[in-house]
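J.: Encoded as structure tokens, here's the structure I'll be asking about.
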Amino acid sequence: MSSLLNNGQLTGKILSFGELLLRFSLDADGQWIENKQLPVYIVGAELNVSNALALWGLPAKYFTALPDTILSAQIIKSLQNKGIDTSAVHYSGSRVGLYYLTDGHDLKNNSLVYDRAESAFARLKPGMIDWDKVLDGVSWFHFSAICPALSQSVADVCREVLEIASKKNITISVDMNYRAKLWQYGKSPDDIMPGLVKYCNLIMGNIWAAEKMLGIPVIPDIHESGQKSIYLEEALKTSQKIMEKNPKCMAVANTFRFDATNDIKYYTTLYIDNQLYNSGEYETGSIVDKVGSGDCFMAGLIYGFYNRLRVNEILEFATAAAFEKLFIKGDATTKTVADIKKAMK
């Protein structure tokens, strides 16, 4: 059995590392201008993971960088009220990153506008943080591919903390979420990500992210078949290749979400101990918010491994958690463990 499921060290805190953002939710018709109202959410891919873990009763800790202002103080208070340990937050710089997203859309189209250049997090540099102190009492470290997409200096910070976490035998996970609008500093994802995922024990994403970020090809025209069996076969091949290239990796997870005009299909896979597990298939004709579903899946995996659930239980819990997030407004889930278990296939 994989040491991810047999790790006696998984009793400490789960530290998520990433940029906190303010998300402004635009309506499609611009009515917010007349109404003088613009809903705002405190978000970030890694923060969404911490939110879920804290809600589910696990010891969630969060690292980000924020300016030392009244705005940051109010944000931090709201995170603490959710049970998230914010003692690792670093105060520097002068601004919080923002993004604007039209209701009902995801993060991969023209309905998204980023405003995060020169944020406190984007200006992080190696040597600024005492990682021994931040990682004290931590048994799991999580980050995403969004972090190194921001700048070379943040990519260097990622490598810095990963090296230290790895030396401390902390379990490391990564979400290989690809944001084309962010990789704008002269490096492509496959220049940076292989040097970071080599430290990771759990790698989550999808077969297309593995191709884009790790150079592991997917068969051409895979979408033409539309056959689930072919997608699962590619998930197996990709997962095996990832583990061959990254000896520290003990498990690879993939998500598959297909958005048709009036229908969404969702299922996932988990490759561990030389076996590919695939989840039940979920389907819906309507959703509330696409953002944060993948973060919820990641949180579900961490929850399952941390609690040493059986592999099939880990996958089904994470999948149900991700699917249920599609019906919740905002980036973070509000579903409890009991809610998710009821929704499991």
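Chain labels run A, B, ... following the order of the structure tokens; each chain numbers its residues from 1, and ligands are numbered from 1 in the order shown.
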At a cut-off of 7 Å, using only C-alpha atoms, what residues contact stretch 254-265 of chain A? Leave out same-chain residues fewer than 3 positions from it and give the result as a ChimeraX atom specification.
T.: /A:204-207,235,268-270,281-286
J.: Please write the residues from the selection above to a file, keeping all heavy atoms, as an mmCIF file, in the first residue's frame.
T.:
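Output (part-v2.cif):
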data_model
loop_
_atom_site.group_PDB
_atom_site.id
_atom_site.type_symbol
_atom_site.label_atom_id
_atom_site.label_comp_id
_atom_site.auth_asym_id
_atom_site.auth_seq_id
_atom_site.Cartn_x
_atom_site.Cartn_y
_atom_site.Cartn_z
ATOM 1 N N MET A 204 -2.179 16.236 -9.145
ATOM 2 C CA MET A 204 -3.557 16.270 -9.640
ATOM 3 C C MET A 204 -3.669 17.210 -10.823
ATOM 4 O O MET A 204 -3.023 18.252 -10.853
ATOM 5 C CB MET A 204 -4.505 16.720 -8.524
ATOM 6 C CG MET A 204 -5.988 16.577 -8.868
ATOM 7 S SD MET A 204 -6.695 17.963 -9.827
ATOM 8 C CE MET A 204 -7.132 19.098 -8.508
ATOM 9 N N GLY A 205 -4.482 16.856 -11.802
ATOM 10 C CA GLY A 205 -4.738 17.721 -12.942
ATOM 11 C C GLY A 205 -5.622 17.007 -13.930
ATOM 12 O O GLY A 205 -6.655 16.448 -13.572
ATOM 13 N N ASN A 206 -5.221 17.041 -15.189
ATOM 14 C CA ASN A 206 -5.887 16.247 -16.218
ATOM 15 C C ASN A 206 -4.873 15.946 -17.318
ATOM 16 O O ASN A 206 -3.743 16.439 -17.280
ATOM 17 C CB ASN A 206 -7.141 16.947 -16.764
ATOM 18 C CG ASN A 206 -6.843 18.312 -17.360
ATOM 19 O OD1 ASN A 206 -5.925 18.473 -18.167
ATOM 20 N ND2 ASN A 206 -7.600 19.324 -16.955
ATOM 21 N N ILE A 207 -5.262 15.120 -18.252
ATOM 22 C CA ILE A 207 -4.297 14.659 -19.253
ATOM 23 C C ILE A 207 -3.791 15.803 -20.126
ATOM 24 O O ILE A 207 -2.657 15.771 -20.597
ATOM 25 C CB ILE A 207 -4.899 13.539 -20.113
ATOM 26 C CG1 ILE A 207 -6.192 13.984 -20.804
ATOM 27 C CG2 ILE A 207 -5.161 12.298 -19.258
ATOM 28 C CD1 ILE A 207 -6.794 12.936 -21.741
ATOM 29 N N ALA A 235 -5.621 8.423 -19.302
ATOM 30 C CA ALA A 235 -5.337 8.750 -17.903
ATOM 31 C C ALA A 235 -4.339 7.758 -17.315
ATOM 32 O O ALA A 235 -3.421 8.142 -16.573
ATOM 33 C CB ALA A 235 -6.629 8.746 -17.091
ATOM 34 N N THR A 268 -13.701 11.160 -12.578
ATOM 35 C CA THR A 268 -12.296 11.341 -12.219
ATOM 36 C C THR A 268 -11.586 9.993 -12.144
ATOM 37 O O THR A 268 -12.227 8.937 -12.131
ATOM 38 C CB THR A 268 -12.164 12.034 -10.848
ATOM 39 O OG1 THR A 268 -12.648 11.150 -9.827
ATOM 40 C CG2 THR A 268 -12.945 13.332 -10.803
ATOM 41 N N THR A 269 -10.259 10.060 -12.054
ATOM 42 C CA THR A 269 -9.461 8.849 -11.881
ATOM 43 C C THR A 269 -8.392 9.093 -10.824
ATOM 44 O O THR A 269 -7.988 10.234 -10.568
ATOM 45 C CB THR A 269 -8.770 8.405 -13.188
ATOM 46 O OG1 THR A 269 -7.797 9.393 -13.568
ATOM 47 C CG2 THR A 269 -9.778 8.208 -14.302
ATOM 48 N N LEU A 270 -7.914 8.000 -10.249
ATOM 49 C CA LEU A 270 -6.807 8.044 -9.304
ATOM 50 C C LEU A 270 -5.925 6.826 -9.552
ATOM 51 O O LEU A 270 -6.395 5.685 -9.492
ATOM 52 C CB LEU A 270 -7.320 8.027 -7.863
ATOM 53 C CG LEU A 270 -6.259 8.069 -6.753
ATOM 54 C CD1 LEU A 270 -5.436 9.352 -6.839
ATOM 55 C CD2 LEU A 270 -6.921 7.957 -5.377
ATOM 56 N N GLU A 281 -19.882 8.324 -12.505
ATOM 57 C CA GLU A 281 -20.073 9.445 -13.437
ATOM 58 C C GLU A 281 -21.247 10.306 -12.987
ATOM 59 O O GLU A 281 -22.327 9.796 -12.683
ATOM 60 C CB GLU A 281 -20.328 8.909 -14.849
ATOM 61 C CG GLU A 281 -20.355 9.995 -15.907
ATOM 62 C CD GLU A 281 -20.386 9.426 -17.312
ATOM 63 O OE1 GLU A 281 -19.615 8.472 -17.577
ATOM 64 O OE2 GLU A 281 -21.172 9.918 -18.133
ATOM 65 N N TYR A 282 -21.000 11.609 -12.945
ATOM 66 C CA TYR A 282 -22.012 12.560 -12.500
ATOM 67 C C TYR A 282 -22.473 13.390 -13.693
ATOM 68 O O TYR A 282 -21.675 13.713 -14.578
ATOM 69 C CB TYR A 282 -21.447 13.478 -11.415
ATOM 70 C CG TYR A 282 -21.124 12.764 -10.122
ATOM 71 C CD1 TYR A 282 -19.991 11.945 -10.015
ATOM 72 C CD2 TYR A 282 -21.935 12.899 -9.010
ATOM 73 C CE1 TYR A 282 -19.691 11.286 -8.820
ATOM 74 C CE2 TYR A 282 -21.644 12.252 -7.815
ATOM 75 C CZ TYR A 282 -20.528 11.448 -7.732
ATOM 76 O OH TYR A 282 -20.232 10.801 -6.563
ATOM 77 N N GLU A 283 -23.735 13.779 -13.688
ATOM 78 C CA GLU A 283 -24.290 14.505 -14.822
ATOM 79 C C GLU A 283 -25.331 15.503 -14.342
ATOM 80 O O GLU A 283 -26.090 15.237 -13.401
ATOM 81 C CB GLU A 283 -24.926 13.512 -15.798
ATOM 82 C CG GLU A 283 -25.319 14.110 -17.135
ATOM 83 C CD GLU A 283 -25.717 13.045 -18.139
ATOM 84 O OE1 GLU A 283 -25.527 11.845 -17.833
ATOM 85 O OE2 GLU A 283 -26.212 13.417 -19.221
ATOM 86 N N THR A 284 -25.356 16.667 -14.970
ATOM 87 C CA THR A 284 -26.352 17.684 -14.644
ATOM 88 C C THR A 284 -26.646 18.539 -15.862
ATOM 89 O O THR A 284 -25.806 18.662 -16.765
ATOM 90 C CB THR A 284 -25.874 18.586 -13.485
ATOM 91 O OG1 THR A 284 -26.904 19.532 -13.155
ATOM 92 C CG2 THR A 284 -24.609 19.341 -13.860
ATOM 93 N N GLY A 285 -27.816 19.125 -15.879
ATOM 94 C CA GLY A 285 -28.196 20.008 -16.974
ATOM 95 C C GLY A 285 -28.087 21.468 -16.616
ATOM 96 O O GLY A 285 -28.277 22.347 -17.463
ATOM 97 N N SER A 286 -27.762 21.776 -15.356
ATOM 98 C CA SER A 286 -27.647 23.177 -14.951
ATOM 99 C C SER A 286 -26.703 23.281 -13.765
ATOM 100 O O SER A 286 -26.648 22.389 -12.916
ATOM 101 C CB SER A 286 -29.015 23.753 -14.564
ATOM 102 O OG SER A 286 -29.551 23.045 -13.459
#
J.: Hey, could you make a per-residue contact list for stretch 216-322 of chain A against stretch 136-140 of chain A with 12 Å as the cut-off, showing the nearest pair of atoms and its distance in Å to one decimal, counting only C-alpha atoms, sorted by chain and number, as a Markdown table?
T.:
| residue | atom | partner | partner_atom | distance |
| --- | --- | --- | --- | --- |
| A:Ala299 | CA | A:Trp140 | CA | 11.8 |
| A:Ile302 | CA | A:Trp140 | CA | 8.7 |
| A:Tyr303 | CA | A:Trp140 | CA | 10.9 |
| A:Phe305 | CA | A:Trp140 | CA | 10.4 |
| A:Tyr306 | CA | A:Trp140 | CA | 8.7 |
J.: Please produce a file of those selected residues containing N, CA, C and O atoms, as a PDB file, in the first residue's frame.
T.:
ATOM      1  N   ALA A 299      -9.069  19.191  -2.451  1.00  0.00           N
ATOM      2  CA  ALA A 299      -9.306  19.141  -1.009  1.00  0.00           C
ATOM      3  C   ALA A 299      -9.860  17.784  -0.596  1.00  0.00           C
ATOM      4  O   ALA A 299      -9.492  17.245   0.461  1.00  0.00           O
ATOM      5  N   ILE A 302      -7.019  15.286  -0.397  1.00  0.00           N
ATOM      6  CA  ILE A 302      -6.227  15.494   0.816  1.00  0.00           C
ATOM      7  C   ILE A 302      -6.995  14.975   2.031  1.00  0.00           C
ATOM      8  O   ILE A 302      -6.429  14.290   2.900  1.00  0.00           O
ATOM      9  N   TYR A 303      -8.276  15.285   2.096  1.00  0.00           N
ATOM     10  CA  TYR A 303      -9.108  14.811   3.207  1.00  0.00           C
ATOM     11  C   TYR A 303      -9.072  13.289   3.305  1.00  0.00           C
ATOM     12  O   TYR A 303      -8.901  12.720   4.394  1.00  0.00           O
ATOM     13  N   PHE A 305      -6.815  11.065   1.997  1.00  0.00           N
ATOM     14  CA  PHE A 305      -5.498  10.531   2.347  1.00  0.00           C
ATOM     15  C   PHE A 305      -5.145  10.843   3.805  1.00  0.00           C
ATOM     16  O   PHE A 305      -4.585   9.994   4.507  1.00  0.00           O
ATOM     17  N   TYR A 306      -5.457  12.046   4.244  1.00  0.00           N
ATOM     18  CA  TYR A 306      -5.139  12.441   5.611  1.00  0.00           C
ATOM     19  C   TYR A 306      -5.860  11.547   6.614  1.00  0.00           C
ATOM     20  O   TYR A 306      -5.309  11.177   7.654  1.00  0.00           O
TER      21      TYR A 306
END
J.: So the first atom is atom CA of A:Ala54 and the second is atom CA of A:Asp156; what is the distance between them in Å, to one decimal place?
T.: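 For atom CA of A:Ala54 relative to atom CA of A:Asp156, the distance reads 28.5 Å.
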J.: Which of stretch 212-314 of chain A end up as alpha helix (DSSP H) when DSSP is run on this backbone - answer as a PyMOL selection string?
T.: chain A and resi 212-214+222-225+228-245+293-306+311-314
J.: Go through stretch 32-235 of chain A and collect every residue that DSSP, computed from the backbone, puts in strand (DSSP E or B); the answer should be as a count of residues only.
T.: 39
J.: Write out as a list in words each polymer residue whose atoms come within 12 Å of A:Ala180, counting only C-alpha atoms; drop sequence neighbours fewer than 3 positions from it.
T.: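 Residues meeting the cut-off are Leu107, Lys108, Asn109, Asn110, Leu112, Tyr114, Ala145, Ile146, Ala149, Leu150, Asn177, Trp183, Gln184, Tyr185, Lys187, Ser188, Pro189, Ala209, Lys212 and Met213 of chain A.
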